[in-house]
Structure formats: C-alpha cells, structure tokens
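One file, model-v2.cif, carrying mmCIF, C-alpha atoms and all ligand atoms; chains and numbers go by the auth columns:
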```cif
data_my_file
#
loop_
_atom_site.group_PDB
_atom_site.id
_atom_site.type_symbol
_atom_site.label_atom_id
_atom_site.label_comp_id
_atom_site.label_asym_id
_atom_site.label_seq_id
_atom_site.Cartn_x
_atom_site.Cartn_y
_atom_site.Cartn_z
_atom_site.B_iso_or_equiv
_atom_site.auth_seq_id
_atom_site.auth_asym_id
ATOM 1 C CA MET A 1 -53.018 -17.051 -62.745 0.00 7 P
ATOM 2 C CA ARG A 2 -54.477 -15.517 -59.622 0.00 8 P
ATOM 3 C CA LYS A 3 -56.815 -17.663 -57.590 0.00 9 P
ATOM 4 C CA LYS A 4 -60.452 -16.519 -57.403 0.00 10 P
ATOM 5 C CA VAL A 5 -61.705 -16.593 -53.828 0.00 11 P
ATOM 6 C CA VAL A 6 -65.113 -16.066 -52.225 0.00 12 P
ATOM 7 C CA ALA A 7 -65.379 -16.341 -48.451 0.00 13 P
ATOM 8 C CA GLY A 8 -68.410 -15.994 -46.207 0.00 14 P
ATOM 9 C CA ASN A 9 -67.743 -14.179 -42.953 0.00 15 P
ATOM 10 C CA TRP A 10 -70.556 -15.387 -40.730 0.00 16 P
ATOM 11 C CA LYS A 11 -69.437 -13.146 -37.832 0.00 17 P
ATOM 12 C CA MET A 12 -71.331 -13.823 -34.561 0.00 18 P
ATOM 13 C CA ASN A 13 -74.360 -15.402 -36.249 0.00 19 P
ATOM 14 C CA ASN A 14 -75.961 -18.878 -36.310 0.00 20 P
ATOM 15 C CA ASP A 15 -76.199 -21.558 -33.621 0.00 21 P
ATOM 16 C CA LEU A 16 -75.054 -25.144 -34.157 0.00 22 P
ATOM 17 C CA ILE A 17 -78.166 -26.294 -36.021 0.00 23 P
ATOM 18 C CA MET A 18 -78.287 -23.182 -38.197 0.00 24 P
ATOM 19 C CA SER A 19 -74.593 -23.481 -38.949 0.00 25 P
ATOM 20 C CA ASN A 20 -74.891 -27.131 -39.997 0.00 26 P
ATOM 21 C CA ASP A 21 -78.039 -26.456 -42.046 0.00 27 P
ATOM 22 C CA LEU A 22 -76.378 -23.579 -43.871 0.00 28 P
ATOM 23 C CA ILE A 23 -73.367 -25.747 -44.716 0.00 29 P
ATOM 24 C CA LYS A 24 -75.670 -28.494 -46.012 0.00 30 P
ATOM 25 C CA SER A 25 -77.546 -26.046 -48.261 0.00 31 P
ATOM 26 C CA ILE A 26 -74.351 -24.487 -49.613 0.00 32 P
ATOM 27 C CA LYS A 27 -72.918 -27.943 -50.248 0.00 33 P
ATOM 28 C CA LEU A 28 -76.019 -29.006 -52.176 0.00 34 P
ATOM 29 C CA LYS A 29 -76.056 -25.904 -54.353 0.00 35 P
ATOM 30 C CA LEU A 30 -72.334 -25.487 -54.985 0.00 36 P
ATOM 31 C CA ASN A 31 -71.156 -26.453 -58.443 0.00 37 P
ATOM 32 C CA LYS A 32 -68.781 -29.355 -57.870 0.00 38 P
ATOM 33 C CA LYS A 33 -66.554 -28.331 -60.772 0.00 39 P
ATOM 34 C CA ILE A 34 -66.095 -24.762 -59.605 0.00 40 P
ATOM 35 C CA ASP A 35 -62.588 -23.368 -59.883 0.00 41 P
ATOM 36 C CA THR A 36 -63.091 -20.632 -57.256 0.00 42 P
ATOM 37 C CA ASP A 37 -61.865 -21.257 -53.697 0.00 43 P
ATOM 38 C CA VAL A 38 -64.945 -21.109 -51.472 0.00 44 P
ATOM 39 C CA PHE A 39 -64.645 -20.554 -47.716 0.00 45 P
ATOM 40 C CA ILE A 40 -67.136 -20.310 -44.868 0.00 46 P
ATOM 41 C CA SER A 41 -66.345 -19.101 -41.371 0.00 47 P
ATOM 42 C CA PRO A 42 -68.622 -20.281 -38.574 0.00 48 P
ATOM 43 C CA SER A 43 -67.928 -19.214 -34.991 0.00 49 P
ATOM 44 C CA PHE A 44 -65.347 -21.128 -32.946 0.00 50 P
ATOM 45 C CA PRO A 45 -67.723 -23.590 -31.192 0.00 51 P
ATOM 46 C CA PHE A 46 -68.958 -24.890 -34.559 0.00 52 P
ATOM 47 C CA LEU A 47 -65.683 -25.186 -36.473 0.00 53 P
ATOM 48 C CA ASN A 48 -65.095 -28.811 -35.573 0.00 54 P
ATOM 49 C CA GLU A 49 -68.474 -29.922 -36.911 0.00 55 P
ATOM 50 C CA ALA A 50 -68.141 -27.614 -39.897 0.00 56 P
ATOM 51 C CA ILE A 51 -64.907 -29.340 -40.879 0.00 57 P
ATOM 52 C CA LYS A 52 -66.668 -32.715 -40.748 0.00 58 P
ATOM 53 C CA HIS A 53 -69.667 -31.487 -42.768 0.00 59 P
ATOM 54 C CA CYS A 54 -67.436 -29.933 -45.429 0.00 60 P
ATOM 55 C CA LYS A 55 -65.362 -33.074 -45.935 0.00 61 P
ATOM 56 C CA GLY A 56 -65.595 -34.340 -49.482 0.00 62 P
ATOM 57 C CA SER A 57 -66.881 -30.966 -50.730 0.00 63 P
ATOM 58 C CA LYS A 58 -65.106 -27.958 -52.198 0.00 64 P
ATOM 59 C CA ILE A 59 -65.978 -25.809 -49.191 0.00 65 P
ATOM 60 C CA LYS A 60 -63.090 -24.818 -46.939 0.00 66 P
ATOM 61 C CA VAL A 61 -63.422 -23.654 -43.356 0.00 67 P
ATOM 62 C CA LEU A 62 -61.895 -20.397 -42.161 0.00 68 P
ATOM 63 C CA ALA A 63 -61.492 -19.237 -38.548 0.00 69 P
ATOM 64 C CA GLN A 64 -62.622 -15.665 -37.865 0.00 70 P
ATOM 65 C CA ASN A 65 -59.767 -14.891 -35.491 0.00 71 P
ATOM 66 C CA VAL A 66 -56.837 -16.356 -33.561 0.00 72 P
ATOM 67 C CA ASN A 67 -54.784 -15.256 -30.571 0.00 73 P
ATOM 68 C CA GLU A 68 -51.203 -14.149 -31.197 0.00 74 P
ATOM 69 C CA ASN A 69 -49.772 -16.224 -28.320 0.00 75 P
ATOM 70 C CA LYS A 70 -48.912 -19.889 -28.572 0.00 76 P
ATOM 71 C CA SER A 71 -50.667 -21.003 -25.369 0.00 77 P
ATOM 72 C CA GLY A 72 -51.106 -20.054 -21.722 0.00 78 P
ATOM 73 C CA ALA A 73 -53.151 -17.826 -19.456 0.00 79 P
ATOM 74 C CA TYR A 74 -55.321 -16.031 -22.031 0.00 80 P
ATOM 75 C CA THR A 75 -58.843 -16.772 -20.847 0.00 81 P
ATOM 76 C CA GLY A 76 -61.366 -17.019 -23.634 0.00 82 P
ATOM 77 C CA GLU A 77 -58.826 -17.111 -26.450 0.00 83 P
ATOM 78 C CA VAL A 78 -58.040 -19.651 -29.176 0.00 84 P
ATOM 79 C CA SER A 79 -54.573 -20.550 -30.469 0.00 85 P
ATOM 80 C CA LEU A 80 -53.212 -21.606 -33.839 0.00 86 P
ATOM 81 C CA SER A 81 -52.376 -25.090 -32.560 0.00 87 P
ATOM 82 C CA MET A 82 -55.958 -25.543 -31.317 0.00 88 P
ATOM 83 C CA LEU A 83 -57.247 -24.657 -34.764 0.00 89 P
ATOM 84 C CA LYS A 84 -54.703 -26.919 -36.409 0.00 90 P
ATOM 85 C CA SER A 85 -55.723 -29.835 -34.177 0.00 91 P
ATOM 86 C CA ILE A 86 -59.242 -29.811 -35.669 0.00 92 P
ATOM 87 C CA GLY A 87 -58.046 -29.439 -39.247 0.00 93 P
ATOM 88 C CA ILE A 88 -58.323 -25.679 -39.720 0.00 94 P
ATOM 89 C CA ASP A 89 -55.549 -24.117 -41.782 0.00 95 P
ATOM 90 C CA SER A 90 -57.004 -20.719 -42.697 0.00 96 P
ATOM 91 C CA VAL A 91 -57.584 -17.699 -40.524 0.00 97 P
ATOM 92 C CA MET A 92 -58.974 -14.183 -40.858 0.00 98 P
ATOM 93 C CA ILE A 93 -56.848 -11.434 -39.302 0.00 99 P
ATOM 94 C CA GLY A 94 -57.420 -7.715 -38.943 0.00 100 P
ATOM 95 C CA HIS A 95 -61.109 -7.442 -39.636 0.00 101 P
ATOM 96 C CA SER A 96 -62.205 -3.863 -38.930 0.00 102 P
ATOM 97 C CA GLU A 97 -64.612 -5.149 -36.255 0.00 103 P
ATOM 98 C CA ARG A 98 -61.637 -6.722 -34.436 0.00 104 P
ATOM 99 C CA ARG A 99 -59.624 -3.534 -34.864 0.00 105 P
ATOM 100 C CA GLU A 100 -62.431 -1.295 -33.621 0.00 106 P
ATOM 101 C CA TYR A 101 -64.322 -3.269 -30.945 0.00 107 P
ATOM 102 C CA PHE A 102 -61.432 -5.345 -29.612 0.00 108 P
ATOM 103 C CA HIS A 103 -58.721 -2.713 -29.987 0.00 109 P
ATOM 104 C CA GLU A 104 -56.467 -4.861 -32.131 0.00 110 P
ATOM 105 C CA THR A 105 -53.588 -2.631 -33.151 0.00 111 P
ATOM 106 C CA ASP A 106 -51.311 -3.091 -36.162 0.00 112 P
ATOM 107 C CA GLU A 107 -48.682 -4.387 -33.740 0.00 113 P
ATOM 108 C CA ILE A 108 -50.969 -7.156 -32.457 0.00 114 P
ATOM 109 C CA LEU A 109 -52.068 -7.927 -36.008 0.00 115 P
ATOM 110 C CA LEU A 110 -48.458 -8.182 -37.169 0.00 116 P
ATOM 111 C CA ASN A 111 -47.821 -10.795 -34.474 0.00 117 P
ATOM 112 C CA LYS A 112 -50.925 -12.738 -35.458 0.00 118 P
ATOM 113 C CA LEU A 113 -49.956 -12.563 -39.110 0.00 119 P
ATOM 114 C CA SER A 114 -46.359 -13.533 -38.598 0.00 120 P
ATOM 115 C CA ASN A 115 -47.184 -16.475 -36.293 0.00 121 P
ATOM 116 C CA SER A 116 -49.926 -17.725 -38.601 0.00 122 P
ATOM 117 C CA LEU A 117 -47.655 -17.631 -41.651 0.00 123 P
ATOM 118 C CA ASP A 118 -44.917 -19.403 -39.664 0.00 124 P
ATOM 119 C CA GLU A 119 -47.411 -22.160 -38.914 0.00 125 P
ATOM 120 C CA GLU A 120 -48.285 -22.303 -42.618 0.00 126 P
ATOM 121 C CA PHE A 121 -51.808 -21.045 -42.218 0.00 127 P
ATOM 122 C CA LYS A 122 -53.498 -19.268 -45.097 0.00 128 P
ATOM 123 C CA VAL A 123 -54.250 -15.749 -43.865 0.00 129 P
ATOM 124 C CA PHE A 124 -57.078 -13.508 -44.998 0.00 130 P
ATOM 125 C CA PHE A 125 -55.684 -10.129 -43.961 0.00 131 P
ATOM 126 C CA CYS A 126 -58.231 -7.289 -43.867 0.00 132 P
ATOM 127 C CA ILE A 127 -57.461 -3.629 -44.470 0.00 133 P
ATOM 128 C CA GLY A 128 -59.607 -0.608 -45.249 0.00 134 P
ATOM 129 C CA GLU A 129 -60.313 3.003 -44.440 0.00 135 P
ATOM 130 C CA SER A 130 -63.102 4.627 -42.398 0.00 136 P
ATOM 131 C CA LEU A 131 -65.680 6.987 -43.825 0.00 137 P
ATOM 132 C CA LYS A 132 -63.844 9.938 -42.283 0.00 138 P
ATOM 133 C CA ASP A 133 -60.602 8.845 -43.964 0.00 139 P
ATOM 134 C CA ARG A 134 -62.338 8.667 -47.321 0.00 140 P
ATOM 135 C CA GLU A 135 -64.100 12.003 -46.871 0.00 141 P
ATOM 136 C CA ASN A 136 -60.732 13.570 -46.054 0.00 142 P
ATOM 137 C CA ASP A 137 -59.182 11.932 -49.096 0.00 143 P
ATOM 138 C CA LEU A 138 -56.865 9.899 -46.867 0.00 144 P
ATOM 139 C CA HIS A 139 -57.976 6.431 -48.019 0.00 145 P
ATOM 140 C CA PHE A 140 -54.812 5.600 -49.970 0.00 146 P
ATOM 141 C CA ASP A 141 -52.565 6.829 -47.138 0.00 147 P
ATOM 142 C CA VAL A 142 -54.462 4.840 -44.513 0.00 148 P
ATOM 143 C CA VAL A 143 -54.404 1.608 -46.492 0.00 149 P
ATOM 144 C CA GLU A 144 -50.724 2.055 -47.338 0.00 150 P
ATOM 145 C CA GLN A 145 -49.899 2.635 -43.666 0.00 151 P
ATOM 146 C CA GLN A 146 -51.865 -0.460 -42.615 0.00 152 P
ATOM 147 C CA LEU A 147 -49.808 -2.508 -45.093 0.00 153 P
ATOM 148 C CA LYS A 148 -46.521 -0.894 -44.047 0.00 154 P
ATOM 149 C CA ASN A 149 -47.220 -1.657 -40.376 0.00 155 P
ATOM 150 C CA THR A 150 -48.050 -5.311 -40.974 0.00 156 P
ATOM 151 C CA ILE A 151 -47.570 -7.281 -44.182 0.00 157 P
ATOM 152 C CA PHE A 152 -44.601 -5.171 -45.334 0.00 158 P
ATOM 153 C CA ARG A 153 -42.743 -5.999 -42.126 0.00 159 P
ATOM 154 C CA ILE A 154 -42.561 -9.637 -43.095 0.00 160 P
ATOM 155 C CA ASN A 155 -39.573 -10.463 -45.242 0.00 161 P
ATOM 156 C CA LYS A 156 -40.644 -13.505 -47.095 0.00 162 P
ATOM 157 C CA ILE A 157 -44.225 -14.520 -47.783 0.00 163 P
ATOM 158 C CA ASN A 158 -45.536 -17.143 -50.152 0.00 164 P
ATOM 159 C CA PHE A 159 -48.327 -15.422 -52.072 0.00 165 P
ATOM 160 C CA LYS A 160 -50.332 -18.636 -51.844 0.00 166 P
ATOM 161 C CA ASN A 161 -50.569 -18.186 -48.064 0.00 167 P
ATOM 162 C CA LEU A 162 -51.887 -14.642 -48.084 0.00 168 P
ATOM 163 C CA ILE A 163 -55.116 -13.141 -49.326 0.00 169 P
ATOM 164 C CA ILE A 164 -55.663 -9.437 -48.895 0.00 170 P
ATOM 165 C CA ALA A 165 -59.240 -8.348 -48.232 0.00 171 P
ATOM 166 C CA TYR A 166 -59.914 -4.691 -48.943 0.00 172 P
ATOM 167 C CA GLU A 167 -62.913 -3.781 -46.836 0.00 173 P
ATOM 168 C CA PRO A 168 -63.761 -0.073 -46.654 0.00 174 P
ATOM 169 C CA VAL A 169 -65.252 0.257 -43.172 0.00 175 P
ATOM 170 C CA TRP A 170 -68.001 2.576 -44.418 0.00 176 P
ATOM 171 C CA ALA A 171 -69.300 -0.190 -46.685 0.00 177 P
ATOM 172 C CA ILE A 172 -69.478 -2.947 -44.055 0.00 178 P
ATOM 173 C CA GLY A 173 -73.013 -3.826 -43.045 0.00 179 P
ATOM 174 C CA THR A 174 -74.254 -0.434 -44.202 0.00 180 P
ATOM 175 C CA GLY A 175 -75.739 -1.368 -47.556 0.00 181 P
ATOM 176 C CA LEU A 176 -73.298 1.101 -49.107 0.00 182 P
ATOM 177 C CA THR A 177 -70.912 -0.593 -51.487 0.00 183 P
ATOM 178 C CA ALA A 178 -67.774 0.871 -52.950 0.00 184 P
ATOM 179 C CA SER A 179 -68.533 1.403 -56.615 0.00 185 P
ATOM 180 C CA PRO A 180 -66.797 -1.107 -58.894 0.00 186 P
ATOM 181 C CA ASP A 181 -64.481 1.741 -59.986 0.00 187 P
ATOM 182 C CA GLN A 182 -63.644 2.694 -56.394 0.00 188 P
ATOM 183 C CA ALA A 183 -62.867 -0.950 -55.606 0.00 189 P
ATOM 184 C CA GLN A 184 -60.731 -1.324 -58.736 0.00 190 P
ATOM 185 C CA GLU A 185 -58.856 1.908 -58.005 0.00 191 P
ATOM 186 C CA MET A 186 -57.924 0.769 -54.486 0.00 192 P
ATOM 187 C CA HIS A 187 -57.093 -2.813 -55.526 0.00 193 P
ATOM 188 C CA ALA A 188 -54.812 -1.517 -58.291 0.00 194 P
ATOM 189 C CA PHE A 189 -53.133 0.788 -55.767 0.00 195 P
ATOM 190 C CA ILE A 190 -52.606 -2.074 -53.313 0.00 196 P
ATOM 191 C CA ARG A 191 -51.193 -4.264 -56.078 0.00 197 P
ATOM 192 C CA LYS A 192 -48.845 -1.457 -57.164 0.00 198 P
ATOM 193 C CA ILE A 193 -47.352 -0.880 -53.729 0.00 199 P
ATOM 194 C CA ILE A 194 -47.110 -4.616 -53.165 0.00 200 P
ATOM 195 C CA ALA A 195 -45.153 -4.891 -56.424 0.00 201 P
ATOM 196 C CA GLU A 196 -42.774 -2.181 -55.209 0.00 202 P
ATOM 197 C CA LYS A 197 -42.195 -4.084 -51.984 0.00 203 P
ATOM 198 C CA PHE A 198 -42.298 -7.742 -53.000 0.00 204 P
ATOM 199 C CA GLY A 199 -41.843 -7.659 -56.782 0.00 205 P
ATOM 200 C CA ASP A 200 -44.086 -8.124 -59.810 0.00 206 P
ATOM 201 C CA ASP A 201 -44.339 -11.880 -59.590 0.00 207 P
ATOM 202 C CA PHE A 202 -45.715 -11.688 -56.052 0.00 208 P
ATOM 203 C CA SER A 203 -48.121 -8.865 -56.791 0.00 209 P
ATOM 204 C CA GLU A 204 -49.426 -10.441 -59.981 0.00 210 P
ATOM 205 C CA ASN A 205 -50.173 -13.680 -58.172 0.00 211 P
ATOM 206 C CA ILE A 206 -51.636 -12.539 -54.884 0.00 212 P
ATOM 207 C CA SER A 207 -55.433 -12.543 -54.607 0.00 213 P
ATOM 208 C CA ILE A 208 -56.948 -9.251 -53.468 0.00 214 P
ATOM 209 C CA ILE A 209 -60.624 -9.599 -52.621 0.00 215 P
ATOM 210 C CA TYR A 210 -63.277 -6.975 -51.857 0.00 216 P
ATOM 211 C CA GLY A 211 -65.639 -6.892 -48.874 0.00 217 P
ATOM 212 C CA GLY A 212 -68.420 -4.507 -47.923 0.00 218 P
ATOM 213 C CA SER A 213 -72.125 -5.089 -48.635 0.00 219 P
ATOM 214 C CA VAL A 214 -71.534 -7.373 -51.622 0.00 220 P
ATOM 215 C CA LYS A 215 -74.947 -8.726 -52.667 0.00 221 P
ATOM 216 C CA PRO A 216 -76.077 -10.998 -55.504 0.00 222 P
ATOM 217 C CA ASN A 217 -77.065 -7.961 -57.582 0.00 223 P
ATOM 218 C CA SER A 218 -73.755 -6.124 -57.144 0.00 224 P
ATOM 219 C CA ALA A 219 -71.259 -8.996 -57.167 0.00 225 P
ATOM 220 C CA SER A 220 -70.674 -9.562 -60.861 0.00 226 P
ATOM 221 C CA GLU A 221 -69.854 -5.928 -61.638 0.00 227 P
ATOM 222 C CA ILE A 222 -67.338 -5.717 -58.780 0.00 228 P
ATOM 223 C CA PHE A 223 -65.832 -9.132 -59.550 0.00 229 P
ATOM 224 C CA GLY A 224 -65.577 -8.094 -63.200 0.00 230 P
ATOM 225 C CA LYS A 225 -62.869 -5.552 -62.389 0.00 231 P
ATOM 226 C CA ASN A 226 -59.302 -6.501 -63.303 0.00 232 P
ATOM 227 C CA ASP A 227 -57.759 -6.326 -59.856 0.00 233 P
ATOM 228 C CA VAL A 228 -60.687 -7.742 -57.872 0.00 234 P
ATOM 229 C CA ASP A 229 -60.151 -11.461 -57.348 0.00 235 P
ATOM 230 C CA GLY A 230 -63.240 -12.247 -55.337 0.00 236 P
ATOM 231 C CA GLY A 231 -65.067 -11.224 -52.197 0.00 237 P
ATOM 232 C CA LEU A 232 -65.371 -11.438 -48.436 0.00 238 P
ATOM 233 C CA ILE A 233 -69.096 -11.586 -47.879 0.00 239 P
ATOM 234 C CA GLY A 234 -70.851 -10.758 -44.604 0.00 240 P
ATOM 235 C CA GLY A 235 -74.654 -10.563 -44.443 0.00 241 P
ATOM 236 C CA ALA A 236 -75.305 -12.194 -47.807 0.00 242 P
ATOM 237 C CA SER A 237 -73.251 -15.254 -46.848 0.00 243 P
ATOM 238 C CA LEU A 238 -75.867 -16.217 -44.239 0.00 244 P
ATOM 239 C CA ASN A 239 -78.298 -17.174 -46.961 0.00 245 P
ATOM 240 C CA ALA A 240 -77.276 -20.168 -49.094 0.00 246 P
ATOM 241 C CA GLU A 241 -78.998 -18.964 -52.295 0.00 247 P
ATOM 242 C CA ASP A 242 -77.500 -15.486 -52.076 0.00 248 P
ATOM 243 C CA PHE A 243 -74.053 -16.808 -51.238 0.00 249 P
ATOM 244 C CA ILE A 244 -74.083 -19.291 -54.112 0.00 250 P
ATOM 245 C CA GLU A 245 -75.331 -16.610 -56.502 0.00 251 P
ATOM 246 C CA ILE A 246 -72.386 -14.443 -55.433 0.00 252 P
ATOM 247 C CA VAL A 247 -69.949 -17.358 -55.823 0.00 253 P
ATOM 248 C CA ASN A 248 -71.336 -17.987 -59.297 0.00 254 P
ATOM 249 C CA SER A 249 -70.931 -14.325 -60.255 0.00 255 P
ATOM 250 C CA ILE A 250 -67.178 -14.660 -60.603 0.00 256 P
HETATM 251 P P1 LIG B . -71.270 -7.134 -45.158 0.00 1 W
HETATM 252 O O1 LIG B . -71.201 -7.926 -46.436 0.00 1 W
HETATM 253 O O2 LIG B . -72.396 -7.567 -44.259 0.00 1 W
HETATM 254 O O3 LIG B . -71.222 -5.667 -45.408 0.00 1 W
HETATM 255 O O4 LIG B . -69.941 -7.481 -44.330 0.00 1 W
HETATM 256 C C1 LIG B . -68.710 -7.407 -44.976 0.00 1 W
HETATM 257 C C2 LIG B . -67.673 -7.952 -44.095 0.00 1 W
HETATM 258 O O5 LIG B . -67.406 -7.407 -43.032 0.00 1 W
HETATM 259 C C3 LIG B . -67.001 -9.189 -44.503 0.00 1 W
HETATM 260 O O6 LIG B . -65.924 -9.456 -43.683 0.00 1 W
#
```
Mind turning the file's structure into structure tokens?
Amino acid sequence: MRKKVVAGNWKMNNDLIMSNDLIKSIKLKLNKKIDTDVFISPSFPFLNEAIKHCKGSKIKVLAQNVNENKSGAYTGEVSLSMLKSIGIDSVMIGHSERREYFHETDEILLNKLSNSLDEEFKVFFCIGESLKDRENDLHFDVVEQQLKNTIFRINKINFKNLIIAYEPVWAIGTGLTASPDQAQEMHAFIRKIIAEKFGDDFSENISIIYGGSVKPNSASEIFGKNDVDGGLIGGASLNAEDFIEIVNSI
C-alpha cells in the first residue's frame, strides 16, 4: 500500500509568531486518527521551534532545502547534520524555484539527493516541466531527463525514503492547475519509467504527489486519480482551514 502524503511548502512566508500560530491551528484541526502523512515546512530559522510545537502530534516537519556539502566555508548555507541535530529527518530537494532562481543544476541536486539518502533522510524530490516544454509537447521528455540525471543515477533506494513531487512549473503559484487527467497521465508515466528502472515492487510502493495550485476545491478530484498519492501545497498551506480541507480530501 502506497503512503498518502500531503505536505505544505510554506516557502519564504511567515515570521516566528505566524509560523507558531499556523502550527497550533493545524494541530487543533487535524484529525488525530488520520492515516495520511502530513508535513509542514517553515523556513530554517523556525524549524527548531516547529519541531517542539509538533511533538505529540501527527505533523512532521520538512526542511525546504539543504546544502550538498557536509560542512565548511559555505556562508549562509545549512547542512544535513545541522538539520539532524534539531530532529529534522525530511528534506525537499529540487523545487523549481531552487532550480530557477538559485541555479541548482541536476548535478547539484544529485549530490543533495545522494547525501540526504545516505544520511537516511526522507527526500521530497521535485520534478516538472515549464510551460514552454508543455506547449512544445516536450513534457514527458523533460521529466524523464530530470529523473535520468538524478534519481536514476542512484543504485539502491528504499522507496520509503523517497517521495516524488510532480510540479509542472506553469501551475505553481499561477492559479492554473494541471487537470486531474493531465496529472494522472504524468504520474502514470513516471511510475512506468520508475518500474523499468527499479522494478515493479519499487514503483508500486513509491508515493508520487502532485503540486501546483492545489486548492480545497480542486484537491479531491486530483487526489482521486489512481497514481496521485497526495500533494505538495504552496499558497493554500498558509491557511490552516484550507490546508486541513486539502488534507481531508484524500
Ligand atoms: P502553489 O500551491 O502556491 O501553486 O505552490 C506549489 C508549490 O510550489 C509547492 O511546492
């Protein structure tokens, strides 16, 4: 059985008080018996407090990024061991905003991925095509190449430590969502090529989640598709009611 996963990507939003308040509201509203894995991802300065506030709840804390080096002269960066020392064991890698604004190449992302898996972190690995790619009918090729350059270069992965987030760039923060059929088509494609590379058992068990303008009114139809195992939620995760409604749509 594949794990259902809903994660809130808070991006560069919320200060300390807002972050703590949002956690408190989510905690209050979250069904304690829920079977879905629920993650939130505050910014680095607030992770330590977030971990403390989430203790005893079903909410897990996810870092939005990590540096690929172990330690040293990398001003402004955060390492895996720093995250581990405050109790974080999940990290997001390859978000399109990191790829585009911070020039993170597949090579850098492969290093981040490989080091994080070595340290037994759970990795949310993001892939997805641009609008131009989709308009030129290159979306399958682009996604396949992103996988070939990164995840497929790793010999042995435990499916429990990897979540793939398909996030078409044209749907992020734009209000445009991939239609449920477009999401299903791409998720099925990803699962197929993963099966060819890592085998059926791996591909049947890995969670592939969708991200890109998921809102309370669109979540259940997307989550209802066979190969969609949950969502990576941006804007709507900053509001506790909306986020919980999305979590409950699975
Ligand atoms: P939005 O839900 O705001 O489109 O953001 C999606 C996203 O980038 C999640 O990582």
Q) P:Ser63, P:Gln152, P:Asn245, P:Asn73: which is nearest ligand LIG 1 (chain W), counting all atoms listed in the file? A)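 Distance minimum relative to ligand LIG 1 (chain W) lands on P:Asn245.
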Q: Can you turn the PyMOL selection byres (((chain P and resi 220-226) around 12) and not hetatm) into a concrete residue list for this file, as a PyMOL selection string?
A: chain P and resi 12-15+173-174+177-186+189+215-219+227-231+234-256
Q.
Residues near Ser122 of chain P, anyone? I mean within 10 Å using all atoms listed in the file, not counting same-chain ones fewer than 5 positions away, as a list in words.
A. Val72, Asn73, Glu74, Ser85, Leu86, Ser87, Asp95, Ser96, Val97, Met98, Ile99, Leu116, Asn117, Phe127, Lys128, Val129 and Asn167 of chain P
Can you write out the residues you just picked, keeping C-alpha atoms, as a JSON list (two decimals), in the frame of the given file?
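Output below, filename part-v4.json:
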```json
[["chain", "number", "residue", "atom", "x", "y", "z"],
["P", 72, "VAL", "CA", -56.84, -16.36, -33.56],
["P", 73, "ASN", "CA", -54.78, -15.26, -30.57],
["P", 74, "GLU", "CA", -51.20, -14.15, -31.20],
["P", 85, "SER", "CA", -54.57, -20.55, -30.47],
["P", 86, "LEU", "CA", -53.21, -21.61, -33.84],
["P", 87, "SER", "CA", -52.38, -25.09, -32.56],
["P", 95, "ASP", "CA", -55.55, -24.12, -41.78],
["P", 96, "SER", "CA", -57.00, -20.72, -42.70],
["P", 97, "VAL", "CA", -57.58, -17.70, -40.52],
["P", 98, "MET", "CA", -58.97, -14.18, -40.86],
["P", 99, "ILE", "CA", -56.85, -11.43, -39.30],
["P", 116, "LEU", "CA", -48.46, -8.18, -37.17],
["P", 117, "ASN", "CA", -47.82, -10.80, -34.47],
["P", 127, "PHE", "CA", -51.81, -21.04, -42.22],
["P", 128, "LYS", "CA", -53.50, -19.27, -45.10],
["P", 129, "VAL", "CA", -54.25, -15.75, -43.86],
["P", 167, "ASN", "CA", -50.57, -18.19, -48.06]]
```
Q.
Nearest residue to Glu191 of chain P out of P:Glu125, P:Glu113, P:Glu150, P:Asp233, using all atoms listed in the file?
A.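 Closest candidate: P:Asp233.
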Q.
Report, in Å to a single decimal, how far apart atom CA of Val175 of chain P and atom CA of Leu137 of chain P are.
A.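 Taking atom CA of Leu137 of chain P as the start and atom CA of Val175 of chain P as the end point, the length is 6.8 Å.
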Q: Compile the contact shell of segment 199-210 of chain P as a PyMOL selection string: residues with an atom at most 9 Å away, counting all atoms listed in the file, same-chain residues fewer than 4 positions apart removed.
A: chain P and resi 7-8+150+153+158+161-165+194-195
Q) Looking at P:Asn155, P:Asn121, P:Ser136, P:Gln70, which one is nearest to ligand LIG 1 (chain W), with distances taken over all atoms listed in the file? A)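 Of P:Asn155, P:Asn121, P:Ser136, P:Gln70, the one nearest ligand LIG 1 (chain W), counting all atoms listed in the file, is P:Gln70.
If you apply the PyMOL selection byres (((chain P and resi 60) around 10) and not hetatm) to this structure, you end up with Asn26, Ile29, Lys30, Ile32, Lys33, Ile46, Glu55, Ala56, Ile57, Lys58, His59, Lys61, Gly62, Ser63, Lys64, Ile65, Lys66 and Val67 of chain P.
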Q: Tell me, as a PyMOL selection string, which residues lie within 8 Å of Lys9 of chain P, counting all atoms listed in the file; anything in the same chain fewer than 4 positions away does not count.
A: chain P and resi 42-43+211-213+235
Preceding selection exported with C-alpha atoms as a compact mmCIF listing (two decimals), in the coordinates of the input:
```
# COMPACT_ATOMS: atom_id res chain seq x y z
CA THR P 42 -63.09 -20.63 -57.26
CA ASP P 43 -61.86 -21.26 -53.70
CA ASN P 211 -50.17 -13.68 -58.17
CA ILE P 212 -51.64 -12.54 -54.88
CA SER P 213 -55.43 -12.54 -54.61
CA ASP P 235 -60.15 -11.46 -57.35
```
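Candidate residues P:Phe50, P:Phe146, P:Tyr107, P:Phe130 were compared for distance to ligand LIG 1 (chain W), and the nearest is P:Phe130, using all atoms listed in the file.
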Q.
Please report the interatomic distance between atom CA of Val44 of chain P and atom CA of Lys10 of chain P in Å with one decimal.
A.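 Going from atom CA of Val44 of chain P over to atom CA of Lys10 of chain P, I get 8.7 Å.
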Set up a box along x, y and z of the file covering all listed atoms of segment 71-76 of chain P, add 5 Å on every one of the six sides, and write the centre and edge lengths in Å to one decimal, as lines of an AutoDock Vina configuration file.
```
center_x = -54.3
center_y = -17.0
center_z = -31.9
size_x = 20.9
size_y = 15.7
size_z = 17.2
```
Q: Could you tell me how far atom C1 of ligand LIG 1 (chain W) lies from atom CA of Lys76 of chain P, in Å and to one decimal?
A: 28.6 Å
Q.
With 7 Å as the threshold, what does the neighbourhood of (-70.5, -15.0, -39.2) contain in terms of residues, counting all atoms listed in the file? Coordinates are those of the file; answer as a list in words.
A.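 Looking at atoms near the point gives Asn15, Trp16, Lys17, Met18, Asn19, Ser47, Pro48, Ser49 and Gly240 of chain P.
With distances restricted to all atoms listed in the file, P:Asn71 is the closest residue to Glu103 of chain P from P:Asn71, P:Ser25, P:Ser91, P:Gln188.
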